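See below for the structure under consideration.
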Protein chains: 4
Amino acid sequence: MNLSGVFPPIATPFDADGEVDTAAIRSNVARWMRADLRGIVALGTNGEAPLLAESESDAVIAAARDAVPRDRLFLVGTGRESTRATIDASRRAAALGADAVLVRTPSFFKPRMTPEAFVAHYAAVADAVRAPVILYNYPAVTGVTFTPDAIARLAGHANIAGIKETSTDASEIAAYLDAASGHDFAVLAGSAPSFYAALCLGVRGGILAAACIVPRLCVQLFDAFNAGDHATARDLQRRLIPIASAVTTGFGVPGLKAALQLAGYVGGPPRPPLHAAPVEAVRTIEGALSSLREFL
Amino acid sequence: MNLSGVFPPIATPFDADGEVDTAAIRSNVARWMRADLRGIVALGTNGEAPLLAESESDAVIAAARDAVPRDRLFLVGTGRESTRATIDASRRAAALGADAVLVRTPSFFKPRMTPEAFVAHYAAVADAVRAPVILYNYPAVTGVTFTPDAIARLAGHANIAGIKETSTDASEIAAYLDAASGHDFAVLAGSAPSFYAALCLGVRGGILAAACIVPRLCVQLFDAFNAGDHATARDLQRRLIPIASAVTTGFGVPGLKAALQLAGYVGGPPRPPLHAAPVEAVRTIEGALSSLREFL
Amino acid sequence: MNLSGVFPPIATPFDADGEVDTAAIRSNVARWMRADLRGIVALGTNGEAPLLAESESDAVIAAARDAVPRDRLFLVGTGRESTRATIDASRRAAALGADAVLVRTPSFFKPRMTPEAFVAHYAAVADAVRAPVILYNYPAVTGVTFTPDAIARLAGHANIAGIKETSTDASEIAAYLDAASGHDFAVLAGSAPSFYAALCLGVRGGILAAACIVPRLCVQLFDAFNAGDHATARDLQRRLIPIASAVTTGFGVPGLKAALQLAGYVGGPPRPPLHAAPVEAVRTIEGALSSLREFL
Amino acid sequence: MNLSGVFPPIATPFDADGEVDTAAIRSNVARWMRADLRGIVALGTNGEAPLLAESESDAVIAAARDAVPRDRLFLVGTGRESTRATIDASRRAAALGADAVLVRTPSFFKPRMTPEAFVAHYAAVADAVRAPVILYNYPAVTGVTFTPDAIARLAGHANIAGIKETSTDASEIAAYLDAASGHDFAVLAGSAPSFYAALCLGVRGGILAAACIVPRLCVQLFDAFNAGDHATARDLQRRLIPIASAVTTGFGVPGLKAALQLAGYVGGPPRPPLHAAPVEAVRTIEGALSSLREFL
């Protein structure tokens with residue numbers, strides 16, 4: 001599985017009644033597919049996956065699958081707190097057409113989430129599911145992380161394809177790359193503000209919230225880097241930071257949805273307890289987008 | 001609703017196939033009811049609630065409800081990440097006979113969990129559910145907390161009965177008590193190591209993991225305090241700390257289940273990614289229990 | 001050494017040129033001594049000790065010593081990052097008349113501050129200095145803390161008299177008391193918002209920033225507790241919290257100095273990089289003080 | 001001032017009596033100067049600066065100055081908690097021949113260390129001292145950090161030359177570079193494990209503990225990067241990580257001193273409360289060094 005490239009972790013639009021809007025998913029995905037993205041990720045953090053019922057998750061997967069051509073990759077977030085629910089969700093996603101599943105670290109019982117617990121959890125999932133498994137590390141949200149040693153042990157599993165590393169810590173990214181060296185294991189950047197630095201370190205691509213809004217900026221950065229044009233890549237990285245920060249650390253999913261709306265996609269309201277981005281946030285996002293119209 | 005007293009937040013036993021063991025729930029609860037506990041809490045953190053499917057949650061509720069006499073209180077954890085799923089779970093619990101629902105703070109989207117988001121979330125749940133709602137704050141696990149101002153606003157809601165405050169911070173407990181003064185709103189201690197201190201500050205009772213193991217010790221502490229016998233209460237508190245720490249911060253749910261087994265209840269294995277407590281943990285717990293046989 | 005009672009950790013006033021104002025120290029201390037305080041602490045955190053030169057520290061000690069009658073206790077903060085500098089400062093303080101020295105945990109090299117490092121550090125200081133040593137734990141500021149085991153080992157040292165525990169965690173306070181039981185070792189509360197809870201748990205007194213402002217409120221709380229009058233103690237605790245929070249977590253040393261000025265002491269400006277409390281802070285403090293005039 | 005290049009933040013050796021060993025400083029520095037380093041930093045964190053008396057600091061500066069040729073840069077750490085002590089130490093360092101002073105953020109009164117407080121502090125120091133000022137940010141140790149906005153405001157000061165950014169967060173490094181763009185302000189990497197990533201982002205050089213041990217490895221990495229040879233730079237970065245981690249996050253100053261000894265410098269014991277690295281740490285360091293003999 002060739003994971004090299006840029007993936008937007010797509011938002012889940014809701015209609016006026018708060019229900020999943022599958023038509024909007026299809027139209028949004030169709031538009032994303034006009035950019036040279038490697039594929040998409042459905043049901044990640046930005047897809048408000050923790051706020052969806054299991055049946056809603058299935059509906060999102062089915063709708064998005066429809067709209068992703070077979071030469072692109074369709075990744076689906078299936079992490080749950082229990083190993084058995086993760087396996088169940090992953091099997092359903094695979095049956096519905098996911099090319100790979102992206103499994104966030106369980107984290108509710110933080111002090112118990114030792115390297116051994118993670119290795120056992122991911123091995124069990126990878127053994128039980130036909131689709132390749134991609135680890136998903138998001139320490140700022142979960143409060144847990146992988147040791148490099150756990151990465152080394154999991155990178156050798158035949159059905160584990162890589163990791164989305166959302167931390168922006170260059171030292172940790174380098175440690176994971178080192179731990180996985182010699183294995184067919186792709187480290188993917190999970191944060192747009194450090195995408196270029198992560199590419200320098202050796203990651204193969206990125207799953208970037210900002211790629212929902214300015215996919216062409218992310219793809220051009222990726223292409224410039226691969227062409228050895230560091231000056232252009234660094235410059236594009238600099239231009240990417242304000243909008244990337246606004247739709248993640250700055251205003252979160254509500255910010256992402258407001259930005260989608262401004263960029264001509266269907267964003268819509270987030271699901272409570274999330275609330276729509278406040279007016280000033282929308283204005284900040286508009287400002288960040290104003291100089292990036294060419295990349296929408 | 002009189003919440004004064006001690007409640008064990010009961011474990012969820014699984015059978016050899018990893019399925020919910022409803023017979024064990026009934027027998028465990030029946031035994032707890034022989035102590036002078038105010039009631040029980042099902043599906044809290046110690047009940048591994050985040051690891052159960054919705055249908056399993058319902059089975060746990062039904063089994064436990066059967067075993068709790070009507071003159072005791074039967075509280076059920078129903079917190080989910082989305083407001084709508086929380087309402088749905090709370091309504092089902094009420095329909096299955098819960099006397100009140102205990103709703104943990106949503107926390108996945110931490111930076112968005114403002115006081116306003118919490119007030120809106122809990123007001124929506126309390127408006128939509130017939131059973132009284134008890135807030136559940138567990139900052140060490142969730143990474144979010146209530147401001148005293150949020151407590152003050154929620155304490156006045158007619159269908160919000162109180163809070164389980166799991167933090168051991170005397171300053172925060174005092175601030176919540178102060179914020180709620182003038183309202184019919186019960187602050188309950190959620191940590192056994194600070195139960196006596198919390199009683200001094202004015203909490204009405206406690207939901208204490210240690211009460212699963214040594215219910216009589218917790219009840220005697222509570223009674224001594226209420227009788228004005230601070231010396232005895234303080235001494236019982238001191239005796240309570242080692243076992244209380246072992247089954248929470250020390251070894252977590254696996255420790256609680258090992259302790260249950262040692263105390264003659266059905267404990268059984270936790271559900272992966274949790275794993276059984278290691279041998280040394282079991283030995284530590286045995287040590288802590290050896291001088292507490294009279295309180296089992 | 002009888003440490004039972006209330007101690008204000010006094011501020012260090014500076015004159016218009018930013019120099020230590022020894023006359024103001026004398027007049028402030030003289031006024032504090034009119035309340036039934038057990039003594040004072042000079043050169044604690046609230047004394048801006050980390051901002052003073054060694055020669056200035058000596059001047060503060062000399063001035064304060066003058067103003068403290070011999071039947072009260074005069075404690076002096078002498079913690080430095082190195083063991084040798086701590087010994088040197090402690091010896092100088094003892095020579096200048098300190099009844100005991102209060103030694104904050106070194107913390108700059110956090111990951112190296114193991115229980116063993118602390119035990120060696122404090123034993124070396126206690127061995128080298130004639131005046132009794134009081135440990136000073138302030139985890140919220142230093143990022144390090146004592147394990148109960150370290151307390152147990154230090155509590156037996158003949159020249160270690162106790163600890164100022166600034167954390168408000170009832171569980172940690174209880175663990176320290178338990179670790180020190182059987183030794184002549186006084187645990188003193190270091191935070192006014194949890195003073196009453198800490199007294200319930202068994203601390204012998206308190207070193208409380210709020211006692212600089214409302215000494216009589218703190219002393220009455222202490223006396224009520226010792227008279228077994230929990231209701232009064234709890235009520236006084238509740239009245240104490242707003243001003244106590246304002247001069248510590250709320251507005252820090254600048255808040256304390258503003259409050260001193262409002263209460264009729266010499267407060268004056270803090271030393272840069274600290275800056276005077278902003279106008280709104282002063283207003284909040286005024287509000288908190290308005291109902292406490294009787295305790296000034 | 002051309003800060004492009006690699007600087008070791010040198011250790012402070014102590015003799016058998018625990019006194020500063022100025023002869024060892026001279027011989028160590030003379031040996032470092034045989035590598036193509038841009039200069040050295042004395043009295044940084046690795047120089048145990050917080051454990052030295054003011055007179056000892058002066059002795060270290062004088063000894064090191066002697067051994068640094070005039071075509072290299074001699075930087076001296078002079079940060080203190082108070083603005084006035086920082087100015088005083090900086091003036092003394094300048095008088096003793098420092099080419100620039102490196103001023104760590106004050107941090108004891110953390111919640112008061114607002115962007116405004118930092119801007120005022122650094123402007124006051126830069127105004128009062130003849131030598132150029134370099135900011136020094138070390139959030140993992142201090143618990144405080146600069147906002148990009150504070151960097152933007154300070155970067156324009158005529159006497160502020162740059163920043164040592166010790167965080168390994170690629171997003172923060174990028175934000176500082178962006179904030180300072182348009183000013184003559186050098187961002188220097190402060191962590192060897194992220195040196196290459198930081199160079200990609202645009203930093204001009206590095207102050208790296210690992211450069212005390214394997215100066216030629218750091219310099220070759222720097223040169224390869226500047227020659228556009230990313231493959232070599234990335235490979236050298238990978239080889240650098242184990243020893244770099246061992247002498248910082250792994251075993252701290254005791255690890256650095258053990259490594260110095262193994263590499264043929266005078267390391268010697270750290271000053272209490274620091275203690276010599278344990279045997280296993282020394283063995284780990286030996287292992288990390290075994291394949292790097294060519295770079296010593």
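Labels for the structure tokens follow display order: chains A, B, ..., residues from 1 in each chain, ligands from 1.
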
key: Contact residues (chain D, partner chain A, 7 Å, only C-alpha atoms) as a list in words   =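 Those within range of chain A come out as Thr168, Asp169, Ala170, Ser171, Pro193, Ser194, Ala197, Cys200, Leu201 and Arg234 of chain D.
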
Hey, can you spit out that residue selection with all heavy atoms as a PDB file, in the first residue's frame?
ATOM      1  N   THR D 168      11.849  21.020  21.092  1.00  0.00           N
ATOM      2  CA  THR D 168      12.007  20.263  19.848  1.00  0.00           C
ATOM      3  C   THR D 168      10.743  20.321  18.997  1.00  0.00           C
ATOM      4  O   THR D 168      10.613  19.592  18.033  1.00  0.00           O
ATOM      5  CB  THR D 168      12.329  18.788  20.169  1.00  0.00           C
ATOM      6  OG1 THR D 168      11.281  18.266  21.002  1.00  0.00           O
ATOM      7  CG2 THR D 168      13.649  18.656  20.901  1.00  0.00           C
ATOM      8  N   ASP D 169       9.836  21.209  19.352  1.00  0.00           N
ATOM      9  CA  ASP D 169       8.552  21.305  18.658  1.00  0.00           C
ATOM     10  C   ASP D 169       8.720  22.071  17.344  1.00  0.00           C
ATOM     11  O   ASP D 169       8.949  23.282  17.344  1.00  0.00           O
ATOM     12  CB  ASP D 169       7.551  22.014  19.587  1.00  0.00           C
ATOM     13  CG  ASP D 169       6.146  21.987  19.022  1.00  0.00           C
ATOM     14  OD1 ASP D 169       5.983  22.245  17.813  1.00  0.00           O
ATOM     15  OD2 ASP D 169       5.216  21.693  19.777  1.00  0.00           O
ATOM     16  N   ALA D 170       8.584  21.364  16.247  1.00  0.00           N
ATOM     17  CA  ALA D 170       8.807  21.969  14.930  1.00  0.00           C
ATOM     18  C   ALA D 170       7.829  23.099  14.665  1.00  0.00           C
ATOM     19  O   ALA D 170       8.142  24.065  13.959  1.00  0.00           O
ATOM     20  CB  ALA D 170       8.695  20.910  13.834  1.00  0.00           C
ATOM     21  N   SER D 171       6.647  22.985  15.245  1.00  0.00           N
ATOM     22  CA  SER D 171       5.642  24.011  15.032  1.00  0.00           C
ATOM     23  C   SER D 171       6.031  25.308  15.745  1.00  0.00           C
ATOM     24  O   SER D 171       5.869  26.410  15.201  1.00  0.00           O
ATOM     25  CB  SER D 171       4.314  23.460  15.546  1.00  0.00           C
ATOM     26  OG  SER D 171       3.350  24.447  15.607  1.00  0.00           O
ATOM     27  N   PRO D 193      18.669  16.391  19.141  1.00  0.00           N
ATOM     28  CA  PRO D 193      17.817  15.436  18.431  1.00  0.00           C
ATOM     29  C   PRO D 193      16.943  16.053  17.344  1.00  0.00           C
ATOM     30  O   PRO D 193      16.435  15.341  16.494  1.00  0.00           O
ATOM     31  CB  PRO D 193      16.953  14.814  19.551  1.00  0.00           C
ATOM     32  CG  PRO D 193      17.781  14.971  20.785  1.00  0.00           C
ATOM     33  CD  PRO D 193      18.487  16.291  20.602  1.00  0.00           C
ATOM     34  N   SER D 194      16.745  17.353  17.404  1.00  0.00           N
ATOM     35  CA  SER D 194      15.953  17.994  16.349  1.00  0.00           C
ATOM     36  C   SER D 194      16.781  19.016  15.571  1.00  0.00           C
ATOM     37  O   SER D 194      16.219  19.892  14.910  1.00  0.00           O
ATOM     38  CB  SER D 194      14.708  18.663  16.958  1.00  0.00           C
ATOM     39  OG  SER D 194      15.069  19.542  17.987  1.00  0.00           O
ATOM     40  N   ALA D 197      16.118  18.915  11.670  1.00  0.00           N
ATOM     41  CA  ALA D 197      14.786  19.436  11.365  1.00  0.00           C
ATOM     42  C   ALA D 197      14.746  20.949  11.545  1.00  0.00           C
ATOM     43  O   ALA D 197      14.129  21.672  10.756  1.00  0.00           O
ATOM     44  CB  ALA D 197      13.738  18.764  12.258  1.00  0.00           C
ATOM     45  N   CYS D 200      16.385  22.669   8.624  1.00  0.00           N
ATOM     46  CA  CYS D 200      15.464  22.709   7.488  1.00  0.00           C
ATOM     47  C   CYS D 200      14.493  23.879   7.620  1.00  0.00           C
ATOM     48  O   CYS D 200      14.180  24.561   6.647  1.00  0.00           O
ATOM     49  CB  CYS D 200      14.673  21.406   7.400  1.00  0.00           C
ATOM     50  SG  CYS D 200      15.679  19.979   6.931  1.00  0.00           S
ATOM     51  N   LEU D 201      14.031  24.093   8.841  1.00  0.00           N
ATOM     52  CA  LEU D 201      13.061  25.161   9.068  1.00  0.00           C
ATOM     53  C   LEU D 201      13.693  26.538   8.944  1.00  0.00           C
ATOM     54  O   LEU D 201      12.992  27.524   8.730  1.00  0.00           O
ATOM     55  CB  LEU D 201      12.424  25.009  10.450  1.00  0.00           C
ATOM     56  CG  LEU D 201      11.466  23.830  10.582  1.00  0.00           C
ATOM     57  CD1 LEU D 201      11.082  23.599  12.034  1.00  0.00           C
ATOM     58  CD2 LEU D 201      10.208  24.074   9.742  1.00  0.00           C
ATOM     59  N   ARG D 234      20.717  14.030   7.187  1.00  0.00           N
ATOM     60  CA  ARG D 234      19.717  13.200   7.844  1.00  0.00           C
ATOM     61  C   ARG D 234      20.357  11.959   8.469  1.00  0.00           C
ATOM     62  O   ARG D 234      19.999  11.557   9.575  1.00  0.00           O
ATOM     63  CB  ARG D 234      18.642  12.804   6.830  1.00  0.00           C
ATOM     64  CG  ARG D 234      17.335  12.377   7.483  1.00  0.00           C
ATOM     65  CD  ARG D 234      16.314  11.919   6.457  1.00  0.00           C
ATOM     66  NE  ARG D 234      15.892  12.989   5.582  1.00  0.00           N
ATOM     67  CZ  ARG D 234      15.953  12.950   4.245  1.00  0.00           C
ATOM     68  NH1 ARG D 234      16.442  11.887   3.625  1.00  0.00           N
ATOM     69  NH2 ARG D 234      15.532  13.972   3.538  1.00  0.00           N
TER      70      ARG D 234
END

Shell of 12 Å around Ala180 in chain C, only C-alpha atoms, local chain residues under 6 positions omitted, as a compact mmCIF listing (two decimals) with N, CA, C and O atoms, in the first residue's frame:
# COMPACT_ATOMS: atom_id res chain seq x y z
N THR C 147 8.01 12.08 47.75
CA THR C 147 7.25 10.84 47.93
C THR C 147 7.02 10.68 49.44
O THR C 147 7.83 11.15 50.26
N PRO C 148 5.93 10.03 49.82
CA PRO C 148 5.74 9.75 51.26
C PRO C 148 6.95 9.02 51.85
O PRO C 148 7.34 9.28 53.00
N ASP C 149 7.57 8.16 51.07
CA ASP C 149 8.74 7.44 51.56
C ASP C 149 9.88 8.40 51.91
O ASP C 149 10.57 8.21 52.93
N ALA C 150 10.09 9.41 51.09
CA ALA C 150 11.15 10.38 51.41
C ALA C 150 10.82 11.12 52.71
O ALA C 150 11.70 11.39 53.54
N ILE C 151 9.53 11.44 52.89
CA ILE C 151 9.12 12.09 54.14
C ILE C 151 9.42 11.17 55.32
O ILE C 151 9.96 11.60 56.35
N ALA C 152 9.09 9.89 55.17
CA ALA C 152 9.31 8.94 56.27
C ALA C 152 10.79 8.91 56.65
O ALA C 152 11.14 8.85 57.83
N ARG C 153 11.66 8.97 55.65
CA ARG C 153 13.09 8.90 55.94
C ARG C 153 13.60 10.19 56.56
O ARG C 153 14.47 10.16 57.44
N LEU C 154 13.08 11.32 56.13
CA LEU C 154 13.57 12.59 56.67
C LEU C 154 12.95 12.93 58.03
O LEU C 154 13.54 13.66 58.83
N ALA C 155 11.75 12.42 58.27
CA ALA C 155 11.05 12.78 59.52
C ALA C 155 11.81 12.30 60.74
O ALA C 155 11.66 12.85 61.85
N GLY C 156 12.65 11.31 60.57
CA GLY C 156 13.40 10.78 61.71
C GLY C 156 14.68 11.53 62.02
O GLY C 156 15.32 11.27 63.05
N HIS C 157 15.06 12.47 61.17
CA HIS C 157 16.30 13.21 61.41
C HIS C 157 16.10 14.15 62.59
O HIS C 157 15.13 14.89 62.65
N ILE C 160 15.43 17.85 61.73
CA ILE C 160 14.37 18.22 60.78
C ILE C 160 13.06 18.27 61.55
O ILE C 160 12.63 17.27 62.13
N ALA C 161 12.45 19.44 61.56
CA ALA C 161 11.33 19.67 62.47
C ALA C 161 9.96 19.51 61.83
O ALA C 161 8.96 19.38 62.54
N GLY C 162 9.90 19.53 60.50
CA GLY C 162 8.58 19.44 59.89
C GLY C 162 8.61 19.81 58.42
O GLY C 162 9.68 19.84 57.80
N ILE C 163 7.45 20.06 57.88
CA ILE C 163 7.31 20.41 56.47
C ILE C 163 6.19 21.43 56.30
O ILE C 163 5.16 21.36 56.97
N ILE C 173 -1.57 15.30 51.66
CA ILE C 173 -1.39 15.74 53.05
C ILE C 173 -1.54 14.55 53.99
O ILE C 173 -0.72 14.34 54.91
N ALA C 174 -2.57 13.75 53.77
CA ALA C 174 -2.79 12.57 54.62
C ALA C 174 -1.62 11.60 54.51
O ALA C 174 -1.18 11.02 55.52
N ALA C 186 6.36 18.11 62.38
CA ALA C 186 5.12 18.87 62.22
C ALA C 186 4.81 19.09 60.75
O ALA C 186 5.63 19.64 60.02
N VAL C 187 3.63 18.67 60.32
CA VAL C 187 3.16 19.04 58.99
C VAL C 187 2.38 20.34 59.14
O VAL C 187 1.48 20.43 59.99
N GLY C 202 -4.94 16.62 60.47
CA GLY C 202 -3.95 16.50 61.54
C GLY C 202 -2.75 17.42 61.45
O GLY C 202 -1.79 17.25 62.21
N VAL C 203 -2.75 18.41 60.58
CA VAL C 203 -1.61 19.33 60.56
C VAL C 203 -1.63 20.19 61.82
O VAL C 203 -2.66 20.37 62.46

Taking the chain letters and numbering used in this document, name the residues of range 29-261 of chain A that DSSP puts in helix (DSSP H, G or I), as a tab-separated table (two decimals) with C-alpha atoms, in the first residue's frame.
chain	number	residue	atom	x	y	z
A	29	VAL	CA	-15.51	14.28	-1.28
A	30	ALA	CA	-16.15	14.71	-5.00
A	31	ARG	CA	-14.69	18.16	-4.80
A	32	TRP	CA	-11.66	17.08	-2.78
A	45	THR	CA	-10.93	13.34	15.07
A	46	ASN	CA	-11.96	15.99	12.56
A	47	GLY	CA	-14.83	13.75	11.50
A	49	ALA	CA	-16.02	10.22	15.20
A	50	PRO	CA	-16.36	10.13	19.03
A	51	LEU	CA	-19.72	11.87	18.66
A	54	GLU	CA	-22.09	3.04	15.31
A	55	SER	CA	-24.86	3.10	12.70
A	56	GLU	CA	-23.98	6.67	11.78
A	57	SER	CA	-20.36	5.67	11.34
A	58	ASP	CA	-21.42	3.04	8.85
A	59	ALA	CA	-23.48	5.58	6.94
A	60	VAL	CA	-20.54	7.96	6.73
A	61	ILE	CA	-18.27	5.19	5.47
A	62	ALA	CA	-20.73	4.08	2.81
A	63	ALA	CA	-21.31	7.61	1.53
A	64	ALA	CA	-17.64	8.52	1.41
A	65	ARG	CA	-16.66	5.21	-0.20
A	66	ASP	CA	-19.04	5.96	-3.06
A	67	ALA	CA	-17.26	9.19	-3.84
A	83	THR	CA	-10.10	-4.00	21.70
A	84	ARG	CA	-13.24	-5.92	20.80
A	85	ALA	CA	-15.18	-2.82	19.73
A	86	THR	CA	-12.18	-1.70	17.69
A	87	ILE	CA	-12.06	-5.04	15.92
A	88	ASP	CA	-15.78	-4.91	15.30
A	89	ALA	CA	-15.67	-1.38	13.90
A	90	SER	CA	-12.64	-2.22	11.78
A	91	ARG	CA	-14.26	-5.29	10.27
A	92	ARG	CA	-17.37	-3.33	9.43
A	93	ALA	CA	-15.27	-0.59	7.83
A	94	ALA	CA	-13.34	-3.14	5.79
A	95	ALA	CA	-16.58	-4.76	4.69
A	110	LYS	CA	-4.34	6.12	30.80
A	111	PRO	CA	-2.05	4.69	33.49
A	112	ARG	CA	-2.77	1.16	32.23
A	115	PRO	CA	3.75	-0.29	25.74
A	116	GLU	CA	2.75	-3.92	26.35
A	117	ALA	CA	-0.95	-3.02	26.39
A	118	PHE	CA	-0.59	-1.12	23.11
A	119	VAL	CA	1.36	-3.90	21.44
A	120	ALA	CA	-1.25	-6.46	22.48
A	121	HIS	CA	-4.14	-4.20	21.42
A	122	TYR	CA	-2.79	-3.42	17.97
A	123	ALA	CA	-1.59	-6.94	17.30
A	124	ALA	CA	-5.06	-8.25	18.16
A	125	VAL	CA	-6.71	-5.76	15.84
A	126	ALA	CA	-4.25	-6.35	13.01
A	127	ASP	CA	-4.66	-10.11	13.36
A	128	ALA	CA	-8.44	-9.93	13.29
A	139	PRO	CA	-0.85	12.62	22.55
A	140	ALA	CA	-2.14	16.20	22.94
A	141	VAL	CA	-5.69	14.84	22.95
A	142	THR	CA	-5.27	11.40	24.49
A	148	PRO	CA	9.83	4.07	20.17
A	149	ASP	CA	10.23	0.49	21.38
A	150	ALA	CA	6.49	-0.18	20.92
A	151	ILE	CA	6.74	1.23	17.39
A	152	ALA	CA	9.67	-1.07	16.67
A	153	ARG	CA	7.66	-4.08	17.78
A	154	LEU	CA	4.52	-3.15	15.86
A	155	ALA	CA	6.29	-2.05	12.67
A	170	ALA	CA	10.68	16.61	15.70
A	171	SER	CA	12.54	14.49	18.21
A	172	GLU	CA	9.64	12.04	18.57
A	173	ILE	CA	9.03	11.87	14.82
A	174	ALA	CA	12.71	11.08	14.27
A	175	ALA	CA	12.62	8.41	16.98
A	176	TYR	CA	9.63	6.69	15.37
A	177	LEU	CA	11.25	6.77	11.94
A	178	ASP	CA	14.37	5.26	13.42
A	179	ALA	CA	12.41	2.60	15.30
A	180	ALA	CA	10.59	1.57	12.13
A	192	ALA	CA	0.20	20.67	8.99
A	193	PRO	CA	2.33	23.23	10.90
A	194	SER	CA	5.19	20.71	11.02
A	195	PHE	CA	4.56	18.98	7.68
A	196	TYR	CA	7.68	20.25	5.93
A	197	ALA	CA	9.93	19.48	8.92
A	198	ALA	CA	8.45	15.99	9.11
A	199	LEU	CA	9.07	15.45	5.40
A	200	CYS	CA	12.71	16.44	5.90
A	201	LEU	CA	12.93	13.83	8.64
A	209	ALA	CA	-6.78	19.00	8.61
A	210	ALA	CA	-5.60	21.96	6.55
A	211	ALA	CA	-5.79	19.74	3.47
A	212	CYS	CA	-9.58	19.89	3.84
A	215	PRO	CA	-5.61	20.85	-0.52
A	216	ARG	CA	-3.55	22.33	-3.33
A	217	LEU	CA	-1.24	24.15	-0.93
A	218	CYS	CA	-0.49	20.92	0.91
A	219	VAL	CA	0.02	18.98	-2.31
A	220	GLN	CA	2.32	21.63	-3.79
A	221	LEU	CA	4.38	21.61	-0.60
A	222	PHE	CA	4.65	17.84	-0.81
A	223	ASP	CA	5.58	17.94	-4.49
A	224	ALA	CA	8.16	20.70	-4.00
A	225	PHE	CA	9.80	18.72	-1.24
A	226	ASN	CA	9.93	15.60	-3.39
A	230	HIS	CA	13.38	23.04	-0.26
A	231	ALA	CA	13.07	26.80	-0.69
A	232	THR	CA	9.60	26.51	-2.19
A	233	ALA	CA	8.54	23.86	0.29
A	234	ARG	CA	9.66	26.02	3.20
A	235	ASP	CA	7.87	29.03	1.79
A	236	LEU	CA	4.63	27.08	1.27
A	237	GLN	CA	4.95	25.73	4.81
A	238	ARG	CA	5.12	29.27	6.12
A	239	ARG	CA	1.99	30.23	4.21
A	240	LEU	CA	0.20	27.14	5.47
A	241	ILE	CA	0.70	27.75	9.18
A	242	PRO	CA	-1.97	30.39	9.94
A	243	ILE	CA	-4.89	28.49	8.41
A	244	ALA	CA	-3.56	25.17	9.69
A	245	SER	CA	-3.38	26.48	13.24
A	246	ALA	CA	-6.83	28.06	13.01
A	247	VAL	CA	-8.55	24.78	12.09
A	248	THR	CA	-6.73	22.70	14.73
A	249	THR	CA	-5.24	24.11	17.95
A	250	GLY	CA	-6.91	27.47	17.43
A	252	GLY	CA	-10.77	22.96	16.52
A	253	VAL	CA	-13.53	21.18	14.66
A	254	PRO	CA	-15.83	24.24	14.83
A	255	GLY	CA	-13.05	26.20	13.14
A	256	LEU	CA	-12.61	23.52	10.50
A	257	LYS	CA	-16.31	23.53	9.73
A	258	ALA	CA	-16.43	27.31	9.50
A	259	ALA	CA	-13.43	27.23	7.16
A	260	LEU	CA	-15.07	24.57	4.99
A	261	GLN	CA	-18.12	26.76	4.64
